[in-house]
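A.B. asks: Pasting entry26.cif here (mmCIF, C-alpha atoms):
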data_input
loop_
_atom_site.group_PDB
_atom_site.id
_atom_site.type_symbol
_atom_site.label_atom_id
_atom_site.label_comp_id
_atom_site.auth_asym_id
_atom_site.auth_seq_id
_atom_site.Cartn_x
_atom_site.Cartn_y
_atom_site.Cartn_z
ATOM 1 C CA MET P 1 154.581 -0.930 -143.583
ATOM 2 C CA HIS P 2 156.053 2.564 -143.481
ATOM 3 C CA GLY P 3 157.022 4.782 -146.367
ATOM 4 C CA PHE P 4 159.712 7.235 -147.414
ATOM 5 C CA ASN P 5 161.530 9.212 -144.733
ATOM 6 C CA ASN P 6 160.481 7.003 -141.792
ATOM 7 C CA ARG P 7 163.150 5.802 -139.392
ATOM 8 C CA PHE P 8 162.687 2.744 -137.200
ATOM 9 C CA ASP P 9 161.812 4.717 -134.059
ATOM 10 C CA ASP P 10 159.283 6.836 -135.968
ATOM 11 C CA SER P 11 157.717 3.693 -137.405
ATOM 12 C CA VAL P 12 157.377 2.027 -134.007
ATOM 13 C CA TYR P 13 155.731 5.125 -132.513
ATOM 14 C CA ARG P 14 153.299 5.570 -135.393
ATOM 15 C CA PHE P 15 152.446 1.881 -135.450
ATOM 16 C CA ALA P 16 151.658 1.860 -131.739
ATOM 17 C CA GLN P 17 149.462 4.942 -132.167
ATOM 18 C CA ILE P 18 147.547 3.364 -135.058
ATOM 19 C CA VAL P 19 146.912 0.171 -133.113
ATOM 20 C CA HIS P 20 145.745 2.167 -130.089
ATOM 21 C CA ASP P 21 143.498 4.556 -132.037
ATOM 22 C CA SER P 22 141.900 1.901 -134.249
ATOM 23 C CA LYS P 23 141.059 -0.386 -131.305
ATOM 24 C CA THR P 24 141.276 -3.311 -133.700
ATOM 25 C CA PRO P 25 141.400 -6.728 -131.944
ATOM 26 C CA VAL P 26 144.546 -8.057 -133.602
ATOM 27 C CA ILE P 27 148.057 -9.162 -132.751
ATOM 28 C CA PRO P 28 150.137 -6.344 -134.301
ATOM 29 C CA VAL P 29 153.399 -7.091 -136.105
ATOM 30 C CA LEU P 30 155.577 -4.259 -137.407
ATOM 31 C CA PHE P 31 157.764 -4.798 -140.460
ATOM 32 C CA THR P 32 160.264 -2.014 -141.167
ATOM 33 C CA TRP P 33 162.780 -1.420 -143.922
ATOM 34 C CA PRO P 34 166.003 0.664 -143.915
ATOM 35 C CA SER P 35 164.817 4.135 -144.856
ATOM 36 C CA ARG P 36 167.509 6.804 -144.645
ATOM 37 C CA GLY P 37 165.054 8.985 -142.727
ATOM 38 C CA GLU P 38 165.922 12.195 -144.571
ATOM 39 C CA LEU P 39 163.655 14.539 -146.528
ATOM 40 C CA ARG P 40 165.969 15.000 -149.507
ATOM 41 C CA LEU P 41 165.781 14.073 -153.180
ATOM 42 C CA ARG P 42 168.806 11.770 -152.990
ATOM 43 C CA ALA P 43 167.300 10.149 -149.916
ATOM 44 C CA TYR P 44 164.163 9.347 -151.953
ATOM 45 C CA THR P 45 166.154 7.335 -154.478
ATOM 46 C CA TYR P 46 168.077 5.650 -151.647
ATOM 47 C CA ASP P 47 164.809 4.682 -149.969
ATOM 48 C CA ARG P 48 163.436 3.263 -153.215
ATOM 49 C CA GLU P 49 166.453 0.980 -153.526
ATOM 50 C CA SER P 50 166.106 0.021 -149.860
ATOM 51 C CA ALA P 51 162.486 -0.882 -150.552
ATOM 52 C CA ASN P 52 163.565 -3.141 -153.423
ATOM 53 C CA TYR P 53 166.164 -4.711 -151.140
ATOM 54 C CA SER P 54 163.492 -5.527 -148.557
ATOM 55 C CA ARG P 55 160.750 -7.213 -150.592
ATOM 56 C CA ASP P 56 162.122 -10.745 -150.178
ATOM 57 C CA ALA P 57 162.292 -10.279 -146.411
ATOM 58 C CA LEU P 58 158.636 -9.251 -146.297
ATOM 59 C CA GLU P 59 157.669 -12.217 -148.440
ATOM 60 C CA GLY P 60 159.544 -14.477 -146.031
ATOM 61 C CA LEU P 61 157.787 -12.956 -143.027
ATOM 62 C CA LEU P 62 154.367 -13.425 -144.624
ATOM 63 C CA GLY P 63 155.281 -17.030 -145.303
ATOM 64 C CA SER P 64 156.284 -17.618 -141.686
ATOM 65 C CA LEU P 65 153.140 -16.004 -140.297
ATOM 66 C CA THR P 66 150.711 -17.808 -142.580
ATOM 67 C CA ALA P 67 152.440 -21.128 -141.925
ATOM 68 C CA HIS P 68 152.102 -20.831 -138.146
ATOM 69 C CA PRO P 69 149.368 -23.193 -136.904
ATOM 70 C CA ALA P 70 148.087 -20.725 -134.279
ATOM 71 C CA VAL P 71 147.448 -17.983 -136.839
ATOM 72 C CA THR P 72 144.071 -18.094 -138.562
ATOM 73 C CA GLU P 73 144.137 -14.900 -140.618
ATOM 74 C CA VAL P 74 146.670 -12.245 -141.658
ATOM 75 C CA SER P 75 146.046 -8.709 -142.904
ATOM 76 C CA LEU P 76 148.702 -6.430 -144.384
ATOM 77 C CA LEU P 77 148.691 -2.622 -144.131
ATOM 78 C CA ALA P 78 151.161 -0.523 -146.136
ATOM 79 C CA HIS P 79 151.699 3.227 -146.460
ATOM 80 C CA SER P 80 153.260 5.351 -149.204
ATOM 81 C CA MET P 81 156.483 3.809 -150.587
ATOM 82 C CA GLY P 82 155.854 0.804 -148.363
ATOM 83 C CA ASN P 83 153.156 -0.197 -150.829
ATOM 84 C CA TRP P 84 155.866 -0.878 -153.384
ATOM 85 C CA VAL P 85 157.485 -3.364 -151.020
ATOM 86 C CA ALA P 86 154.129 -4.923 -150.200
ATOM 87 C CA LEU P 87 153.019 -5.328 -153.803
ATOM 88 C CA GLU P 88 156.365 -6.729 -154.925
ATOM 89 C CA ALA P 89 156.330 -9.218 -152.053
ATOM 90 C CA LEU P 90 152.774 -10.240 -152.933
ATOM 91 C CA ARG P 91 153.720 -10.630 -156.576
ATOM 92 C CA GLY P 92 156.676 -12.876 -155.738
ATOM 93 C CA ARG P 93 154.574 -14.817 -153.257
ATOM 94 C CA SER P 94 151.841 -15.453 -155.815
ATOM 95 C CA ILE P 95 154.385 -16.804 -158.295
ATOM 96 C CA ARG P 96 155.847 -19.211 -155.730
ATOM 97 C CA ARG P 97 152.411 -20.316 -154.555
ATOM 98 C CA GLU P 98 151.407 -20.968 -158.152
ATOM 99 C CA LEU P 99 154.447 -23.181 -158.702
ATOM 100 C CA ALA P 100 153.687 -25.130 -155.517
ATOM 101 C CA ALA P 101 149.887 -25.052 -155.852
ATOM 102 C CA ALA P 102 149.468 -28.814 -155.644
ATOM 103 C CA ARG P 103 150.634 -28.975 -152.030
ATOM 104 C CA LEU P 104 149.484 -25.634 -150.641
ATOM 105 C CA LYS P 105 146.626 -25.071 -148.239
ATOM 106 C CA PRO P 106 144.241 -22.096 -148.585
ATOM 107 C CA ASP P 107 146.072 -18.817 -148.010
ATOM 108 C CA LYS P 108 145.643 -17.193 -144.589
ATOM 109 C CA LEU P 109 146.627 -13.792 -145.992
ATOM 110 C CA LYS P 110 143.119 -12.409 -146.507
ATOM 111 C CA ASN P 111 143.330 -8.614 -146.696
ATOM 112 C CA VAL P 112 145.766 -6.002 -147.997
ATOM 113 C CA LEU P 113 145.212 -2.299 -147.275
ATOM 114 C CA LEU P 114 147.104 0.082 -149.560
ATOM 115 C CA VAL P 115 147.194 3.588 -148.049
ATOM 116 C CA ALA P 116 148.403 6.514 -150.211
ATOM 117 C CA PRO P 117 150.469 4.147 -152.386
ATOM 118 C CA ASP P 118 153.491 5.745 -154.026
ATOM 119 C CA VAL P 119 153.289 3.283 -156.906
ATOM 120 C CA ASP P 120 153.104 3.754 -160.670
ATOM 121 C CA VAL P 121 149.545 3.063 -161.892
ATOM 122 C CA ASP P 122 150.671 0.999 -164.881
ATOM 123 C CA VAL P 123 153.025 -1.068 -162.729
ATOM 124 C CA PHE P 124 150.168 -1.703 -160.300
ATOM 125 C CA ARG P 125 148.008 -2.968 -163.164
ATOM 126 C CA ALA P 126 150.724 -5.452 -164.114
ATOM 127 C CA GLN P 127 151.265 -6.573 -160.512
ATOM 128 C CA ILE P 128 147.551 -7.180 -159.962
ATOM 129 C CA GLN P 129 147.211 -9.203 -163.133
ATOM 130 C CA ARG P 130 150.247 -11.320 -162.235
ATOM 131 C CA MET P 131 148.773 -12.109 -158.813
ATOM 132 C CA GLY P 132 145.694 -13.589 -160.472
ATOM 133 C CA SER P 133 142.261 -14.192 -159.018
ATOM 134 C CA ALA P 134 143.565 -15.986 -155.908
ATOM 135 C CA ARG P 135 145.080 -12.805 -154.475
ATOM 136 C CA PRO P 136 143.942 -11.336 -151.122
ATOM 137 C CA GLN P 137 141.097 -8.808 -150.953
ATOM 138 C CA ILE P 138 142.612 -5.384 -151.620
ATOM 139 C CA GLY P 139 141.445 -2.094 -150.120
ATOM 140 C CA LEU P 140 142.806 1.089 -151.716
ATOM 141 C CA PHE P 141 142.893 4.464 -149.902
ATOM 142 C CA VAL P 142 143.418 7.522 -152.121
ATOM 143 C CA SER P 143 143.407 11.336 -151.863
ATOM 144 C CA GLN P 144 143.550 13.672 -154.856
ATOM 145 C CA ASP P 145 145.010 16.475 -152.710
ATOM 146 C CA ASP P 146 148.060 14.484 -151.592
ATOM 147 C CA GLU P 147 150.990 16.891 -152.070
ATOM 148 C CA ALA P 148 153.631 14.263 -151.285
ATOM 149 C CA LEU P 149 152.355 12.061 -154.100
ATOM 150 C CA GLY P 150 152.103 15.133 -156.311
ATOM 151 C CA LEU P 151 155.832 15.679 -155.830
ATOM 152 C CA SER P 152 156.526 12.001 -156.449
ATOM 153 C CA LYS P 153 154.490 12.212 -159.657
ATOM 154 C CA THR P 154 156.718 15.064 -160.824
ATOM 155 C CA LEU P 155 159.883 13.102 -159.995
ATOM 156 C CA TRP P 156 158.620 10.133 -162.022
ATOM 157 C CA GLY P 157 157.909 12.217 -165.131
ATOM 158 C CA ASP P 158 154.270 13.177 -164.421
ATOM 159 C CA VAL P 159 153.159 9.538 -164.432
ATOM 160 C CA PRO P 160 150.084 9.077 -162.181
ATOM 161 C CA ARG P 161 150.670 7.579 -158.737
ATOM 162 C CA LEU P 162 148.142 5.035 -157.512
ATOM 163 C CA GLY P 163 147.439 6.964 -154.310
ATOM 164 C CA ASP P 164 146.202 10.164 -155.949
ATOM 165 C CA ILE P 165 143.911 8.824 -158.673
ATOM 166 C CA ASP P 166 140.229 9.745 -158.796
ATOM 167 C CA PRO P 167 138.478 6.352 -158.549
ATOM 168 C CA LYS P 168 135.296 7.803 -160.052
ATOM 169 C CA LEU P 169 137.008 8.540 -163.373
ATOM 170 C CA GLU P 170 137.675 6.127 -166.212
ATOM 171 C CA PRO P 171 139.572 3.954 -166.810
ATOM 172 C CA TYR P 172 140.136 3.620 -163.051
ATOM 173 C CA ARG P 173 136.494 3.071 -162.143
ATOM 174 C CA SER P 174 136.054 0.128 -164.510
ATOM 175 C CA GLU P 175 139.446 -1.386 -163.719
ATOM 176 C CA LEU P 176 138.945 -1.236 -159.951
ATOM 177 C CA ALA P 177 135.512 -2.828 -160.302
ATOM 178 C CA ARG P 178 136.862 -5.523 -162.597
ATOM 179 C CA ASP P 179 139.660 -6.398 -160.186
ATOM 180 C CA ARG P 180 137.307 -6.273 -157.161
ATOM 181 C CA ILE P 181 139.396 -3.605 -155.410
ATOM 182 C CA VAL P 182 137.448 -1.791 -152.701
ATOM 183 C CA THR P 183 138.339 1.908 -152.860
ATOM 184 C CA PHE P 184 138.081 4.611 -150.195
ATOM 185 C CA ASP P 185 138.449 8.227 -151.339
ATOM 186 C CA LEU P 186 139.771 10.133 -148.321
ATOM 187 C CA THR P 187 139.648 13.452 -150.162
ATOM 188 C CA THR P 188 136.202 13.878 -148.630
ATOM 189 C CA LEU P 189 137.785 13.935 -145.148
ATOM 190 C CA ALA P 190 139.984 16.961 -145.927
ATOM 191 C CA GLN P 191 140.278 19.616 -143.223
ATOM 192 C CA ALA P 192 142.171 22.900 -143.211
ATOM 193 C CA GLY P 193 145.847 22.336 -142.478
ATOM 194 C CA ASP P 194 145.775 18.543 -142.501
ATOM 195 C CA ASP P 195 148.310 16.328 -144.283
ATOM 196 C CA ALA P 196 146.542 14.325 -146.977
ATOM 197 C CA HIS P 197 149.414 11.835 -147.160
ATOM 198 C CA ASP P 198 148.837 10.795 -143.527
ATOM 199 C CA ARG P 199 145.089 11.410 -143.428
ATOM 200 C CA ALA P 200 144.174 7.733 -142.995
ATOM 201 C CA PHE P 201 146.166 7.563 -139.758
ATOM 202 C CA GLU P 202 145.403 11.016 -138.391
ATOM 203 C CA ASP P 203 141.639 10.497 -138.671
ATOM 204 C CA VAL P 204 141.393 6.792 -137.860
ATOM 205 C CA THR P 205 137.873 7.101 -136.438
ATOM 206 C CA SER P 206 136.433 8.513 -139.671
ATOM 207 C CA VAL P 207 138.331 6.020 -141.806
ATOM 208 C CA MET P 208 137.096 3.097 -139.724
ATOM 209 C CA GLY P 209 133.587 4.488 -140.162
ATOM 210 C CA MET P 210 134.019 4.485 -143.940
ATOM 211 C CA ILE P 211 135.205 0.873 -143.829
ATOM 212 C CA LYS P 212 132.273 -0.233 -141.674
ATOM 213 C CA GLN P 213 129.831 1.482 -144.023
ATOM 214 C CA ARG P 214 131.359 -0.278 -147.009
ATOM 215 C CA LEU P 215 131.157 -3.599 -145.197
ATOM 216 C CA SER P 216 127.499 -2.968 -144.438
ATOM 217 C CA GLU P 217 126.957 -2.513 -148.171
ATOM 218 C CA GLY P 218 128.222 -6.026 -148.753
ATOM 219 C CA GLN P 219 131.778 -5.350 -149.946
ATOM 220 C CA SER P 220 133.760 -7.574 -147.613
ATOM 221 C CA LEU P 221 137.286 -6.671 -146.600
ATOM 222 C CA ALA P 222 137.605 -9.322 -143.929
ATOM 223 C CA ASP P 223 136.017 -12.388 -142.448
ATOM 224 C CA GLN P 224 133.598 -10.963 -139.890
ATOM 225 C CA ARG P 225 132.821 -14.232 -138.163
ATOM 226 C CA SER P 226 132.671 -13.722 -134.421
ATOM 227 C CA GLY P 227 135.007 -15.641 -132.199
ATOM 228 C CA ALA P 228 137.746 -16.255 -134.754
ATOM 229 C CA ALA P 229 140.836 -17.373 -132.861
ATOM 230 C CA ASN P 230 144.018 -15.332 -132.871
ATOM 231 C CA PRO P 231 143.371 -12.915 -135.749
ATOM 232 C CA LEU P 232 146.586 -11.163 -136.731
ATOM 233 C CA GLY P 233 147.021 -7.710 -138.234
ATOM 234 C CA LEU P 234 150.311 -6.952 -139.968
ATOM 235 C CA ILE P 235 151.184 -3.291 -140.423
ATOM 236 C CA THR P 236 154.136 -2.286 -142.539
ATOM 237 C CA ASP P 237 155.326 1.262 -142.989
ATOM 238 C CA GLY P 238 157.643 0.554 -145.839
ATOM 239 C CA ALA P 239 159.523 -2.623 -146.506
ATOM 240 C CA ALA P 240 161.161 -4.818 -144.038
ATOM 241 C CA THR P 241 164.507 -5.935 -142.734
ATOM 242 C CA THR P 242 166.346 -4.095 -140.043
ATOM 243 C CA GLY P 243 169.685 -3.653 -141.735
ATOM 244 C CA LYS P 244 171.144 -3.149 -145.154
#
Represent the structure of the file as structure tokens.

C.D. replies:
Amino acid sequence: MHGFNNRFDDSVYRFAQIVHDSKTPVIPVLFTWPSRGELRLRAYTYDRESANYSRDALEGLLGSLTAHPAVTEVSLLAHSMGNWVALEALRGRSIRRELAAARLKPDKLKNVLLVAPDVDVDVFRAQIQRMGSARPQIGLFVSQDDEALGLSKTLWGDVPRLGDIDPKLEPYRSELARDRIVTFDLTTLAQAGDDAHDRAFEDVTSVMGMIKQRLSEGQSLADQRSGAANPLGLITDGAATTGK
């Protein structure tokens, strides 16, 4: 799911590049939301409202995918402001699943990857707690040198953004461990002139290497059984719905 300042055509191009570079054996599904596609302050607030507008549509899409009999597993990838849409959709979905728990089958939504999330840390804490222990496995990708999130932090009154925390510091370290959130600090991949906000997608090979290493250490992000039929990867660059 794309983030702020990403138009539909930009999202399609980036999504295709990510799928190609990662060489991940999935059926890719792109979910976009109506970003204004402008790098302006007023466009940021417009995009935030568009993200709010789109969360129900994403929740509906996740419901359709997980209900399909041919789909065995779903993973969700979100970037920047798209993480707000993803987390709100997951929160709403968890509430509805809880109300209908008696007749629901095990959830096929297994993994959620939050890349450079432009989300308030305190709000994230509340969202995670509301989802409860039955939530999908969450992978968090952060960079402390992310200038885009630094600007967002300023706009939101110097409140920390989830995507630029230092996961080694308290209280984050204890909270992430308690909530079983697997964290990847991409600050270590910094190179001269790179864009920290897009680092996860510009250096896919290194990021995939970090994930594989973490998996080898026993922190599972996905079901690694061989031969699983029709795995499906869902990538969102923001929040969905094609019109507003």

A.B. asks: Please provide as an NGL selection string all residues within 8 Å of P:Arg180, with the sequence filter that same-chain residues fewer than 2 positions apart are discarded (counting only C-alpha atoms).

C.D. replies: :P and (137-138 or 176-178 or 182)

A.B. asks: Tell me which of P:Val204, P:Met81, P:Ile211, P:Leu162 sits closest to P:His20, counting only C-alpha atoms.

C.D. replies: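 For P:His20, the nearest of the candidates is P:Val204.
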
A.B. asks: Evaluate the PyMOL selection byres ((chain P and resi 65) around 12) on the structure here and hand back the selected residues as a PyMOL selection string.

C.D. replies: chain P and resi 27-29+58-64+66-76+107-109+230-234

A.B. asks: Would you mind telling me which residue in P:Val159, P:Lys168, P:Leu140, P:Gly150 lies nearest to P:Thr183 when using all atoms listed in the file?

C.D. replies: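 For P:Thr183, the nearest of the given residues is P:Leu140.
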
A.B. asks: Output as lines of an AutoDock Vina configuration file the centre and edge lengths (Å, one decimal) of the box along x, y and z of the file that holds every listed atom of stretch 153-166 of chain P after adding 3 Å on each side.

C.D. replies:
center_x = 150.1
center_y = 10.0
center_z = -159.7
size_x = 25.7
size_y = 16.0
size_z = 16.8
